[in-house]
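Here is work.json, consisting of JSON, C-alpha atoms:
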```
[["chain", "number", "residue", "atom", "x", "y", "z"],
["A", 175, "MET", "CA", 0.00, 0.00, 0.00],
["A", 176, "PRO", "CA", 2.45, 2.64, -1.18],
["A", 177, "ASP", "CA", 0.14, 5.62, -0.54],
["A", 178, "ILE", "CA", 0.29, 4.75, 3.14],
["A", 179, "VAL", "CA", 4.06, 4.29, 2.89],
["A", 180, "ILE", "CA", 4.42, 7.80, 1.46],
["A", 181, "GLU", "CA", 2.13, 9.22, 4.14],
["A", 182, "ARG", "CA", 4.27, 7.51, 6.81],
["A", 183, "MET", "CA", 7.45, 8.89, 5.22],
["A", 184, "LEU", "CA", 6.04, 12.43, 5.30],
["A", 185, "GLN", "CA", 5.15, 11.99, 8.96],
["A", 186, "GLU", "CA", 8.62, 10.57, 9.61],
["A", 187, "TYR", "CA", 10.12, 13.65, 7.92],
["A", 188, "ALA", "CA", 8.09, 15.87, 10.26],
["A", 189, "ALA", "CA", 9.06, 13.83, 13.33],
["A", 190, "ALA", "CA", 12.76, 13.86, 12.42],
["A", 191, "VAL", "CA", 12.76, 17.64, 11.88],
["A", 192, "ARG", "CA", 10.85, 18.21, 15.12],
["A", 193, "ALA", "CA", 13.41, 16.04, 16.96],
["A", 194, "LYS", "CA", 16.32, 17.75, 15.11],
["A", 195, "ASP", "CA", 17.58, 14.22, 14.40],
["A", 196, "VAL", "CA", 19.81, 14.32, 11.32],
["A", 197, "ASP", "CA", 20.31, 10.53, 11.13],
["A", 198, "ARG", "CA", 16.58, 9.92, 11.35],
["A", 199, "LEU", "CA", 15.95, 12.49, 8.61],
["A", 200, "LEU", "CA", 18.68, 11.14, 6.32],
["A", 201, "ALA", "CA", 17.31, 7.60, 6.69],
["A", 202, "LEU", "CA", 14.47, 8.71, 4.40],
["A", 203, "TYR", "CA", 16.83, 9.47, 1.51],
["A", 204, "ALA", "CA", 18.68, 7.32, -1.03],
["A", 205, "ASP", "CA", 22.49, 7.53, -1.09],
["A", 206, "ASP", "CA", 22.32, 9.06, -4.57],
["A", 207, "VAL", "CA", 19.57, 11.58, -3.78],
["A", 208, "ARG", "CA", 19.54, 14.81, -5.80],
["A", 209, "VAL", "CA", 17.85, 17.73, -4.05],
["A", 210, "PHE", "CA", 16.71, 20.97, -5.67],
["A", 211, "ASP", "CA", 16.29, 22.88, -2.40],
["A", 212, "MET", "CA", 14.61, 26.26, -2.18],
["A", 213, "TRP", "CA", 17.48, 28.09, -0.56],
["A", 214, "GLY", "CA", 20.76, 29.30, -1.96],
["A", 215, "ARG", "CA", 22.08, 26.44, -4.03],
["A", 216, "TRP", "CA", 21.17, 24.83, -7.36],
["A", 217, "SER", "CA", 21.44, 21.24, -6.17],
["A", 218, "TYR", "CA", 22.67, 18.91, -3.46],
["A", 219, "ASP", "CA", 24.05, 15.77, -5.08],
["A", 220, "GLY", "CA", 24.22, 12.74, -2.84],
["A", 221, "ALA", "CA", 23.26, 12.02, 0.76],
["A", 222, "GLY", "CA", 26.54, 13.45, 2.06],
["A", 223, "ALA", "CA", 25.85, 16.91, 0.65],
["A", 224, "TRP", "CA", 22.26, 16.77, 1.84],
["A", 225, "ARG", "CA", 23.37, 15.67, 5.32],
["A", 226, "GLY", "CA", 25.56, 18.77, 5.47],
["A", 227, "MET", "CA", 22.54, 20.99, 4.81],
["A", 228, "ALA", "CA", 20.41, 19.15, 7.38],
["A", 229, "THR", "CA", 23.14, 19.31, 10.00],
["A", 230, "GLU", "CA", 23.55, 23.05, 9.51],
["A", 231, "TRP", "CA", 19.79, 23.73, 9.48],
["A", 232, "LEU", "CA", 18.80, 21.63, 12.47],
["A", 233, "GLY", "CA", 21.92, 22.67, 14.39],
["A", 234, "SER", "CA", 21.09, 26.35, 13.95],
["A", 235, "LEU", "CA", 17.75, 26.20, 15.77],
["A", 236, "GLY", "CA", 18.98, 26.63, 19.34],
["A", 237, "ASP", "CA", 16.09, 25.87, 21.70],
["A", 238, "GLU", "CA", 13.49, 26.47, 18.99],
["A", 239, "GLN", "CA", 11.68, 23.64, 17.23],
["A", 240, "VAL", "CA", 10.19, 23.33, 13.76],
["A", 241, "ALA", "CA", 6.73, 21.82, 13.28],
["A", 242, "VAL", "CA", 6.04, 20.53, 9.75],
["A", 243, "GLU", "CA", 2.58, 20.00, 8.26],
["A", 244, "PHE", "CA", 1.59, 18.74, 4.80],
["A", 245, "ASP", "CA", -1.54, 19.72, 2.86],
["A", 246, "GLU", "CA", -3.10, 18.57, -0.40],
["A", 247, "VAL", "CA", -0.73, 15.62, -0.74],
["A", 248, "GLU", "CA", -1.09, 13.94, -4.14],
["A", 249, "THR", "CA", 0.71, 10.77, -5.11],
["A", 250, "VAL", "CA", 1.33, 8.80, -8.30],
["A", 251, "VAL", "CA", 2.49, 5.30, -7.52],
["A", 252, "GLY", "CA", 4.05, 2.81, -9.92],
["A", 253, "ASP", "CA", 5.93, -0.42, -9.56],
["A", 254, "GLY", "CA", 9.22, 0.69, -7.97],
["A", 255, "VAL", "CA", 8.85, 4.42, -8.63],
["A", 256, "ALA", "CA", 6.46, 6.94, -7.09],
["A", 257, "ILE", "CA", 5.88, 10.68, -6.98],
["A", 258, "ALA", "CA", 4.44, 12.80, -4.18],
["A", 259, "ALA", "CA", 3.59, 16.51, -4.34],
["A", 260, "ALA", "CA", 2.28, 18.61, -1.47],
["A", 261, "PHE", "CA", 2.12, 22.01, 0.16],
["A", 262, "VAL", "CA", 4.19, 22.26, 3.33],
["A", 263, "THR", "CA", 3.97, 24.56, 6.35],
["A", 264, "TYR", "CA", 7.07, 25.05, 8.49],
["A", 265, "LYS", "CA", 6.29, 26.64, 11.86],
["A", 266, "GLY", "CA", 9.04, 27.97, 14.10],
["A", 267, "LEU", "CA", 8.18, 27.27, 17.73],
["A", 268, "SER", "CA", 9.74, 28.71, 20.87],
["A", 269, "ALA", "CA", 11.06, 26.42, 23.60],
["A", 270, "ASP", "CA", 7.65, 26.64, 25.32],
["A", 271, "GLY", "CA", 5.79, 25.77, 22.11],
["A", 272, "GLN", "CA", 4.62, 29.22, 21.00],
["A", 273, "GLU", "CA", 4.47, 29.87, 17.27],
["A", 274, "LEU", "CA", 7.06, 32.47, 16.31],
["A", 275, "ARG", "CA", 6.70, 32.40, 12.52],
["A", 276, "ALA", "CA", 5.42, 30.23, 9.69],
["A", 277, "MET", "CA", 6.14, 29.79, 6.01],
["A", 278, "ASN", "CA", 4.77, 27.70, 3.18],
["A", 279, "ASN", "CA", 6.65, 25.67, 0.59],
["A", 280, "ARG", "CA", 5.82, 23.35, -2.27],
["A", 281, "LEU", "CA", 7.43, 19.93, -2.06],
["A", 282, "THR", "CA", 7.93, 17.24, -4.69],
["A", 283, "TRP", "CA", 9.38, 13.85, -3.81],
["A", 284, "GLY", "CA", 10.53, 11.24, -6.28],
["A", 285, "LEU", "CA", 10.71, 7.85, -4.57],
["A", 286, "THR", "CA", 12.20, 4.50, -5.48],
["A", 287, "LYS", "CA", 11.98, 1.04, -4.00],
["A", 288, "ARG", "CA", 15.08, -0.87, -4.96],
["A", 289, "SER", "CA", 15.11, -4.64, -4.59],
["A", 290, "GLY", "CA", 15.34, -5.69, -0.98],
["A", 291, "HIS", "CA", 15.16, -2.14, 0.31],
["A", 292, "ASN", "CA", 12.56, 0.23, 1.67],
["A", 293, "TRP", "CA", 11.19, 3.13, -0.33],
["A", 294, "LYS", "CA", 13.64, 6.05, -0.35],
["A", 295, "VAL", "CA", 13.50, 9.63, -1.57],
["A", 296, "VAL", "CA", 15.78, 9.79, -4.61],
["A", 297, "HIS", "CA", 14.80, 13.31, -5.68],
["A", 298, "GLU", "CA", 13.41, 16.27, -3.74],
["A", 299, "HIS", "CA", 12.38, 19.64, -5.13],
["A", 300, "SER", "CA", 11.17, 22.43, -2.85],
["A", 301, "SER", "CA", 10.22, 25.98, -3.76],
["A", 302, "ALA", "CA", 7.73, 28.79, -3.38],
["A", 303, "PRO", "CA", 6.42, 30.99, -6.18],
["A", 304, "ILE", "CA", 8.32, 34.10, -7.26],
["A", 305, "ASP", "CA", 6.65, 37.48, -7.71],
["A", 306, "PHE", "CA", 7.27, 38.36, -11.34],
["A", 307, "ASP", "CA", 7.66, 42.10, -10.77],
["A", 308, "THR", "CA", 9.97, 42.07, -7.73],
["A", 309, "GLY", "CA", 11.75, 38.73, -8.15],
["A", 310, "LYS", "CA", 10.99, 38.01, -4.49],
["A", 311, "VAL", "CA", 9.86, 34.69, -3.11],
["A", 312, "GLN", "CA", 6.31, 34.46, -1.69],
["A", 313, "LEU", "CA", 6.30, 32.41, 1.48],
["A", 314, "GLN", "CA", 2.65, 32.69, 2.50],
["A", 315, "ARG", "CA", 0.14, 30.60, 0.58],
["A", 316, "PRO", "CA", -3.32, 32.20, 0.43],
["A", 317, "ALA", "CA", -6.08, 30.10, 1.98],
["A", 318, "SER", "CA", -7.66, 28.05, -0.80],
["B", 129, "MET", "CA", 13.27, 2.43, -23.67],
["B", 130, "PRO", "CA", 11.76, 5.08, -21.41],
["B", 131, "ASP", "CA", 14.96, 7.15, -21.01],
["B", 132, "ILE", "CA", 14.78, 7.83, -24.73],
["B", 133, "VAL", "CA", 11.07, 8.61, -24.41],
["B", 134, "ILE", "CA", 11.81, 11.21, -21.73],
["B", 135, "GLU", "CA", 14.61, 12.70, -23.82],
["B", 136, "ARG", "CA", 12.21, 12.94, -26.78],
["B", 137, "MET", "CA", 9.59, 14.59, -24.57],
["B", 138, "LEU", "CA", 12.10, 17.21, -23.39],
["B", 139, "GLN", "CA", 13.04, 17.92, -27.01],
["B", 140, "GLU", "CA", 9.35, 18.12, -27.90],
["B", 141, "TYR", "CA", 8.85, 20.62, -25.06],
["B", 142, "ALA", "CA", 11.67, 22.75, -26.53],
["B", 143, "ALA", "CA", 10.28, 22.48, -30.06],
["B", 144, "ALA", "CA", 6.74, 23.40, -28.96],
["B", 145, "VAL", "CA", 7.99, 26.44, -27.03],
["B", 146, "ARG", "CA", 10.19, 27.54, -29.94],
["B", 147, "ALA", "CA", 7.18, 27.22, -32.27],
["B", 148, "LYS", "CA", 4.89, 28.96, -29.72],
["B", 149, "ASP", "CA", 2.48, 26.08, -30.32],
["B", 150, "VAL", "CA", 0.20, 25.74, -27.29],
["B", 151, "ASP", "CA", -1.55, 22.57, -28.53],
["B", 152, "ARG", "CA", 1.76, 20.87, -29.22],
["B", 153, "LEU", "CA", 3.02, 21.84, -25.77],
["B", 154, "LEU", "CA", -0.13, 20.72, -23.98],
["B", 155, "ALA", "CA", -0.03, 17.35, -25.75],
["B", 156, "LEU", "CA", 2.86, 16.48, -23.42],
["B", 157, "TYR", "CA", 0.69, 16.83, -20.30],
["B", 158, "ALA", "CA", -1.94, 14.64, -18.65],
["B", 159, "ASP", "CA", -5.43, 16.07, -18.23],
["B", 160, "ASP", "CA", -5.01, 16.00, -14.46],
["B", 161, "VAL", "CA", -1.52, 17.55, -14.42],
["B", 162, "ARG", "CA", -0.55, 19.56, -11.34],
["B", 163, "VAL", "CA", 2.14, 22.17, -11.95],
["B", 164, "PHE", "CA", 4.20, 23.97, -9.31],
["B", 165, "ASP", "CA", 5.44, 26.71, -11.62],
["B", 166, "MET", "CA", 8.19, 29.14, -10.65],
["B", 167, "TRP", "CA", 6.20, 32.30, -11.25],
["B", 168, "GLY", "CA", 3.42, 33.92, -9.27],
["B", 169, "ARG", "CA", 1.09, 31.09, -8.36],
["B", 170, "TRP", "CA", 1.18, 28.15, -5.97],
["B", 171, "SER", "CA", -0.22, 25.59, -8.42],
["B", 172, "TYR", "CA", -1.95, 25.03, -11.72],
["B", 173, "ASP", "CA", -4.42, 22.17, -11.33],
["B", 174, "GLY", "CA", -5.45, 20.46, -14.53],
["B", 175, "ALA", "CA", -4.53, 20.90, -18.18],
["B", 176, "GLY", "CA", -7.05, 23.73, -18.61],
["B", 177, "ALA", "CA", -5.34, 25.94, -16.05],
["B", 178, "TRP", "CA", -1.92, 25.07, -17.46],
["B", 179, "ARG", "CA", -3.10, 25.81, -21.00],
["B", 180, "GLY", "CA", -4.11, 29.27, -19.80],
["B", 181, "MET", "CA", -0.57, 29.93, -18.55],
["B", 182, "ALA", "CA", 1.00, 28.60, -21.77],
["B", 183, "THR", "CA", -1.34, 30.66, -23.95],
["B", 184, "GLU", "CA", -0.49, 33.82, -22.04],
["B", 185, "TRP", "CA", 3.26, 33.15, -22.01],
["B", 186, "LEU", "CA", 3.69, 32.14, -25.65],
["B", 187, "GLY", "CA", 1.23, 34.80, -26.79],
["B", 188, "SER", "CA", 3.23, 37.55, -25.05],
["B", 189, "LEU", "CA", 6.43, 37.00, -27.01],
["B", 190, "GLY", "CA", 5.67, 39.12, -30.06],
["B", 191, "ASP", "CA", 8.29, 38.39, -32.72],
["B", 192, "GLU", "CA", 10.73, 37.00, -30.19],
["B", 193, "GLN", "CA", 11.37, 33.29, -29.75],
["B", 194, "VAL", "CA", 12.44, 31.20, -26.77],
["B", 195, "ALA", "CA", 15.15, 28.57, -27.14],
["B", 196, "VAL", "CA", 15.12, 25.89, -24.42],
["B", 197, "GLU", "CA", 18.09, 23.69, -23.49],
["B", 198, "PHE", "CA", 18.36, 20.96, -20.84],
["B", 199, "ASP", "CA", 21.49, 20.01, -18.91],
["B", 200, "GLU", "CA", 22.35, 17.26, -16.45],
["B", 201, "VAL", "CA", 19.12, 15.39, -17.09],
["B", 202, "GLU", "CA", 18.66, 12.53, -14.62],
["B", 203, "THR", "CA", 15.83, 10.03, -14.80],
["B", 204, "VAL", "CA", 14.37, 7.33, -12.56],
["B", 205, "VAL", "CA", 12.16, 5.01, -14.54],
["B", 206, "GLY", "CA", 9.69, 2.46, -13.16],
["B", 207, "ASP", "CA", 6.87, 0.44, -14.60],
["B", 208, "GLY", "CA", 4.26, 3.09, -15.42],
["B", 209, "VAL", "CA", 5.81, 5.95, -13.40],
["B", 210, "ALA", "CA", 9.01, 7.90, -14.03],
["B", 211, "ILE", "CA", 10.82, 10.98, -12.75],
["B", 212, "ALA", "CA", 13.08, 13.39, -14.62],
["B", 213, "ALA", "CA", 15.10, 16.23, -13.13],
["B", 214, "ALA", "CA", 17.24, 18.70, -15.06],
["B", 215, "PHE", "CA", 18.65, 22.19, -15.30],
["B", 216, "VAL", "CA", 17.00, 24.30, -17.97],
["B", 217, "THR", "CA", 18.19, 27.34, -19.90],
["B", 218, "TYR", "CA", 15.58, 29.63, -21.47],
["B", 219, "LYS", "CA", 17.07, 32.02, -24.03],
["B", 220, "GLY", "CA", 15.09, 34.94, -25.40],
["B", 221, "LEU", "CA", 15.91, 35.43, -29.08],
["B", 222, "SER", "CA", 15.15, 38.40, -31.30],
["B", 223, "ALA", "CA", 13.33, 37.91, -34.62],
["B", 224, "ASP", "CA", 16.72, 37.60, -36.35],
["B", 225, "GLY", "CA", 17.95, 35.00, -33.85],
["B", 226, "GLN", "CA", 20.14, 37.16, -31.59],
["B", 227, "GLU", "CA", 20.25, 36.25, -27.91],
["B", 228, "LEU", "CA", 18.61, 39.00, -25.87],
["B", 229, "ARG", "CA", 18.67, 37.38, -22.41],
["B", 230, "ALA", "CA", 18.96, 34.01, -20.73],
["B", 231, "MET", "CA", 17.89, 32.47, -17.46],
["B", 232, "ASN", "CA", 18.27, 29.12, -15.73],
["B", 233, "ASN", "CA", 15.65, 27.03, -13.98],
["B", 234, "ARG", "CA", 15.48, 23.66, -12.28],
["B", 235, "LEU", "CA", 12.81, 21.33, -13.66],
["B", 236, "THR", "CA", 11.25, 18.19, -12.23],
["B", 237, "TRP", "CA", 8.81, 16.08, -14.24],
["B", 238, "GLY", "CA", 6.68, 13.28, -12.86],
["B", 239, "LEU", "CA", 5.50, 11.06, -15.73],
["B", 240, "THR", "CA", 2.91, 8.31, -16.05],
["B", 241, "LYS", "CA", 2.06, 5.85, -18.76],
["B", 242, "ARG", "CA", -1.56, 4.87, -18.37],
["B", 243, "SER", "CA", -2.83, 1.79, -20.14],
["B", 244, "GLY", "CA", -3.16, 2.32, -23.87],
["B", 245, "HIS", "CA", -1.71, 5.82, -23.71],
["B", 246, "ASN", "CA", 1.62, 7.49, -24.24],
["B", 247, "TRP", "CA", 3.74, 8.78, -21.40],
["B", 248, "LYS", "CA", 2.43, 12.11, -20.10],
["B", 249, "VAL", "CA", 3.68, 14.69, -17.61],
["B", 250, "VAL", "CA", 1.39, 14.43, -14.59],
["B", 251, "HIS", "CA", 3.40, 16.71, -12.33],
["B", 252, "GLU", "CA", 5.83, 19.53, -13.09],
["B", 253, "HIS", "CA", 7.85, 21.57, -10.61],
["B", 254, "SER", "CA", 10.07, 24.44, -11.72],
["B", 255, "SER", "CA", 12.09, 26.84, -9.60],
["B", 256, "ALA", "CA", 15.40, 28.57, -9.07],
["B", 257, "PRO", "CA", 17.19, 28.96, -5.73],
["B", 258, "ILE", "CA", 16.38, 31.87, -3.42],
["B", 259, "ASP", "CA", 19.06, 34.05, -1.84],
["B", 260, "PHE", "CA", 18.51, 33.63, 1.89],
["B", 261, "ASP", "CA", 19.43, 37.21, 2.83],
["B", 262, "THR", "CA", 17.47, 39.11, 0.16],
["B", 263, "GLY", "CA", 14.64, 36.68, -0.61],
["B", 264, "LYS", "CA", 15.36, 37.19, -4.31],
["B", 265, "VAL", "CA", 15.42, 34.47, -6.92],
["B", 266, "GLN", "CA", 18.77, 33.63, -8.55],
["B", 267, "LEU", "CA", 18.28, 33.06, -12.27],
["B", 268, "GLN", "CA", 21.88, 32.45, -13.35],
["B", 269, "ARG", "CA", 23.42, 29.09, -12.55],
["B", 270, "PRO", "CA", 27.18, 29.26, -12.04],
["B", 271, "ALA", "CA", 29.19, 27.10, -14.46],
["B", 272, "SER", "CA", 29.81, 23.76, -12.76]]
```

I'd like the structure from this file rewritten - as structure tokens, please.
Amino acid sequence: MPDIVIERMLQEYAAAVRAKDVDRLLALYADDVRVFDMWGRWSYDGAGAWRGMATEWLGSLGDEQVAVEFDEVETVVGDGVAIAAAFVTYKGLSADGQELRAMNNRLTWGLTKRSGHNWKVVHEHSSAPIDFDTGKVQLQRPAS
Amino acid sequence: MPDIVIERMLQEYAAAVRAKDVDRLLALYADDVRVFDMWGRWSYDGAGAWRGMATEWLGSLGDEQVAVEFDEVETVVGDGVAIAAAFVTYKGLSADGQELRAMNNRLTWGLTKRSGHNWKVVHEHSSAPIDFDTGKVQLQRPAS
């Protein structure tokens, strides 16, 4: 039931980020993952490069936490390859759980199940739309 | 040989854009395509919405043309579902073929082959990285 597998992987992503657990987060990704991340860099090629980003991000949070929620998740599941696309909300929480800020992203996952292995994310693409006139990223998705 | 099919579809995308042929472009997409496009909007849901974007874009070019090139194309191909990820260069050309401007994007395609049909793009995600300090999109990929 791959739809449920993908749903579990999204929840595992959220739990790993909330726990600031780099190993747990990286366990979701294939060794040869290629990530088109929203911030600063054209691509991260391989789990080592992506681990560096995750270590820096999760290590920079101090006593804050990040809560991750997914909306409008759509999946296309084949035999050995699957796609998931969703809207994401990242909420920055203070040590006592108060919401400090929130932003929205769009997330695409490409997933593979190689023989004898679990499903892994082999490609990730995250972004938010760009305002054509200013060239600035829009981080708040209007209520639909 | 799905890798060749994807390569042909990318070349067909480039040819349709160069010809400003909306029907030819839309023939690459599934009716229920969901596009996370780089510009202005969180998603285009369905081929009708995406056709509207394509009509506006290609209709706005006047006597200019757009040349599209793909680099570092990577594919993951399963039985009925495939993923492609690439860097894209869009070059604006004058009526006499001179390059006026160029920008880079990152492109992800999710593809499906439904029974009795050709492969179609069911999900597209395009973006470019955002500068963390300014929030501005970076449209020029450094030579790698």

What are the residues of chain A lining chain B at 6 Å or less? Count only C-alpha atoms, and put the answer as JSON, numbers by chain. {"A": [212, 213, 214, 215, 216, 252, 253, 254, 255, 303, 304, 305, 309, 310, 311]}

12 Å contact set for Trp231 of chain A, all atoms listed in the file, chain neighbours under 2 positions out, as a short mmCIF file (atom, residue, chain, number, x, y, z; two decimals) with C-alpha atoms, in the frame of the given file:
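Resulting contents of around01.cif:
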```cif
data_model
loop_
_atom_site.label_atom_id
_atom_site.label_comp_id
_atom_site.auth_asym_id
_atom_site.auth_seq_id
_atom_site.Cartn_x
_atom_site.Cartn_y
_atom_site.Cartn_z
CA VAL A 191 12.76 17.64 11.88
CA ARG A 192 10.85 18.21 15.12
CA LYS A 194 16.32 17.75 15.11
CA ASP A 195 17.58 14.22 14.40
CA VAL A 196 19.81 14.32 11.32
CA LEU A 199 15.95 12.49 8.61
CA TRP A 213 17.48 28.09 -0.56
CA TRP A 224 22.26 16.77 1.84
CA ARG A 225 23.37 15.67 5.32
CA GLY A 226 25.56 18.77 5.47
CA MET A 227 22.54 20.99 4.81
CA ALA A 228 20.41 19.15 7.38
CA THR A 229 23.14 19.31 10.00
CA GLY A 233 21.92 22.67 14.39
CA SER A 234 21.09 26.35 13.95
CA LEU A 235 17.75 26.20 15.77
CA GLY A 236 18.98 26.63 19.34
CA GLU A 238 13.49 26.47 18.99
CA GLN A 239 11.68 23.64 17.23
CA VAL A 240 10.19 23.33 13.76
#
```

Put chain B on top of chain A with a least-squares fit on all C-alpha atoms, paired in order, and send it back as a compact mmCIF listing (two decimals) with C-alpha atoms, in the coordinates of the input.
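Saved the output as out39.txt:
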```txt
# COMPACT_ATOMS: atom_id res chain seq x y z
CA MET B 129 -0.04 -0.01 0.01
CA PRO B 130 2.43 2.63 -1.17
CA ASP B 131 0.14 5.64 -0.54
CA ILE B 132 0.28 4.75 3.14
CA VAL B 133 4.05 4.30 2.89
CA ILE B 134 4.41 7.81 1.46
CA GLU B 135 2.14 9.23 4.14
CA ARG B 136 4.27 7.51 6.80
CA MET B 137 7.44 8.89 5.21
CA LEU B 138 6.04 12.44 5.29
CA GLN B 139 5.15 11.99 8.96
CA GLU B 140 8.62 10.59 9.61
CA TYR B 141 10.12 13.66 7.91
CA ALA B 142 8.09 15.88 10.27
CA ALA B 143 9.06 13.84 13.32
CA ALA B 144 12.77 13.86 12.42
CA VAL B 145 12.75 17.63 11.88
CA ARG B 146 10.85 18.21 15.13
CA ALA B 147 13.41 16.04 16.95
CA LYS B 148 16.32 17.74 15.11
CA ASP B 149 17.58 14.22 14.40
CA VAL B 150 19.81 14.32 11.32
CA ASP B 151 20.31 10.53 11.14
CA ARG B 152 16.58 9.91 11.35
CA LEU B 153 15.96 12.48 8.63
CA LEU B 154 18.67 11.14 6.34
CA ALA B 155 17.32 7.59 6.69
CA LEU B 156 14.47 8.70 4.41
CA TYR B 157 16.85 9.46 1.52
CA ALA B 158 18.70 7.32 -1.02
CA ASP B 159 22.48 7.54 -1.10
CA ASP B 160 22.32 9.05 -4.57
CA VAL B 161 19.57 11.58 -3.78
CA ARG B 162 19.54 14.81 -5.79
CA VAL B 163 17.85 17.73 -4.05
CA PHE B 164 16.70 20.97 -5.66
CA ASP B 165 16.29 22.87 -2.41
CA MET B 166 14.59 26.26 -2.19
CA TRP B 167 17.48 28.08 -0.57
CA GLY B 168 20.77 29.30 -1.97
CA ARG B 169 22.07 26.43 -4.04
CA TRP B 170 21.17 24.83 -7.36
CA SER B 171 21.46 21.22 -6.17
CA TYR B 172 22.67 18.91 -3.46
CA ASP B 173 24.05 15.76 -5.07
CA GLY B 174 24.23 12.72 -2.84
CA ALA B 175 23.26 12.02 0.75
CA GLY B 176 26.55 13.45 2.05
CA ALA B 177 25.86 16.91 0.65
CA TRP B 178 22.26 16.77 1.85
CA ARG B 179 23.37 15.66 5.32
CA GLY B 180 25.56 18.76 5.46
CA MET B 181 22.54 20.99 4.80
CA ALA B 182 20.40 19.15 7.37
CA THR B 183 23.14 19.31 10.01
CA GLU B 184 23.53 23.05 9.50
CA TRP B 185 19.79 23.74 9.48
CA LEU B 186 18.80 21.63 12.48
CA GLY B 187 21.92 22.66 14.38
CA SER B 188 21.08 26.36 13.95
CA LEU B 189 17.76 26.22 15.77
CA GLY B 190 18.97 26.63 19.34
CA ASP B 191 16.08 25.87 21.69
CA GLU B 192 13.50 26.45 19.00
CA GLN B 193 11.68 23.64 17.22
CA VAL B 194 10.18 23.33 13.75
CA ALA B 195 6.73 21.83 13.28
CA VAL B 196 6.04 20.54 9.75
CA GLU B 197 2.58 20.00 8.26
CA PHE B 198 1.59 18.74 4.79
CA ASP B 199 -1.53 19.71 2.87
CA GLU B 200 -3.10 18.56 -0.39
CA VAL B 201 -0.73 15.63 -0.73
CA GLU B 202 -1.09 13.95 -4.13
CA THR B 203 0.72 10.77 -5.11
CA VAL B 204 1.34 8.81 -8.30
CA VAL B 205 2.50 5.31 -7.51
CA GLY B 206 4.06 2.81 -9.92
CA ASP B 207 5.93 -0.42 -9.55
CA GLY B 208 9.22 0.67 -7.97
CA VAL B 209 8.86 4.43 -8.64
CA ALA B 210 6.46 6.94 -7.09
CA ILE B 211 5.88 10.69 -6.98
CA ALA B 212 4.44 12.81 -4.18
CA ALA B 213 3.60 16.51 -4.34
CA ALA B 214 2.28 18.62 -1.47
CA PHE B 215 2.11 22.01 0.17
CA VAL B 216 4.19 22.26 3.32
CA THR B 217 3.96 24.54 6.34
CA TYR B 218 7.07 25.04 8.48
CA LYS B 219 6.30 26.63 11.86
CA GLY B 220 9.04 27.96 14.09
CA LEU B 221 8.18 27.26 17.73
CA SER B 222 9.74 28.72 20.86
CA ALA B 223 11.06 26.42 23.61
CA ASP B 224 7.65 26.64 25.32
CA GLY B 225 5.79 25.76 22.11
CA GLN B 226 4.62 29.21 20.99
CA GLU B 227 4.46 29.87 17.26
CA LEU B 228 7.06 32.46 16.31
CA ARG B 229 6.70 32.40 12.51
CA ALA B 230 5.41 30.23 9.70
CA MET B 231 6.13 29.79 6.02
CA ASN B 232 4.77 27.69 3.18
CA ASN B 233 6.65 25.68 0.59
CA ARG B 234 5.79 23.36 -2.27
CA LEU B 235 7.42 19.93 -2.07
CA THR B 236 7.94 17.25 -4.69
CA TRP B 237 9.38 13.84 -3.80
CA GLY B 238 10.54 11.24 -6.29
CA LEU B 239 10.70 7.84 -4.56
CA THR B 240 12.19 4.48 -5.49
CA LYS B 241 11.98 1.04 -3.99
CA ARG B 242 15.08 -0.87 -4.97
CA SER B 243 15.12 -4.62 -4.59
CA GLY B 244 15.35 -5.69 -0.97
CA HIS B 245 15.17 -2.13 0.31
CA ASN B 246 12.57 0.23 1.66
CA TRP B 247 11.20 3.13 -0.32
CA LYS B 248 13.64 6.05 -0.34
CA VAL B 249 13.50 9.64 -1.57
CA VAL B 250 15.78 9.80 -4.61
CA HIS B 251 14.81 13.30 -5.69
CA GLU B 252 13.42 16.26 -3.75
CA HIS B 253 12.38 19.63 -5.13
CA SER B 254 11.18 22.43 -2.86
CA SER B 255 10.23 25.98 -3.76
CA ALA B 256 7.74 28.79 -3.37
CA PRO B 257 6.41 30.99 -6.18
CA ILE B 258 8.31 34.11 -7.26
CA ASP B 259 6.63 37.49 -7.70
CA PHE B 260 7.27 38.36 -11.34
CA ASP B 261 7.67 42.11 -10.78
CA THR B 262 9.96 42.08 -7.73
CA GLY B 263 11.75 38.74 -8.14
CA LYS B 264 10.99 38.01 -4.48
CA VAL B 265 9.84 34.70 -3.11
CA GLN B 266 6.30 34.48 -1.69
CA LEU B 267 6.32 32.41 1.49
CA GLN B 268 2.65 32.68 2.50
CA ARG B 269 0.14 30.60 0.59
CA PRO B 270 -3.30 32.20 0.44
CA ALA B 271 -6.08 30.10 1.99
CA SER B 272 -7.67 28.07 -0.81
```

Which of these residues is nearest to Val179 of chain A, using all atoms listed in the file: A:Leu202, A:Asp197, A:Ser268, A:Ala223?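 With all atoms listed in the file as the atom set, the closest residue is A:Leu202.
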
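In this model, the gap between atom CA of His291 of chain A and atom CA of Gly222 of chain A comes to 19.4 Å.
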
d(atom CA of Gly220 of chain B, atom CA of Ala147 of chain B) in Å: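 Spanning atom CA of Gly220 of chain B to atom CA of Ala147 of chain B is a straight-line distance of 13.0 Å.
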
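Minimum distance to Ala271 of chain B across B:Leu221, B:Asp199, B:Glu135, B:Gly174 (counting all atoms listed in the file) occurs at B:Asp199.
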
Atom pair atom CA of Val196 of chain B / atom CA of Met231 of chain B: separation (Å):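 So the two atoms, atom CA of Val196 of chain B and atom CA of Met231 of chain B, lie 10.0 Å apart.
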
Between B:Arg152, B:Arg242, B:Glu200, B:Gln139, which has the minimum distance to Asp219 of chain A (counting all atoms listed in the file)?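 Residue with the minimum atom-to-atom distance to Asp219 of chain A: B:Glu200.
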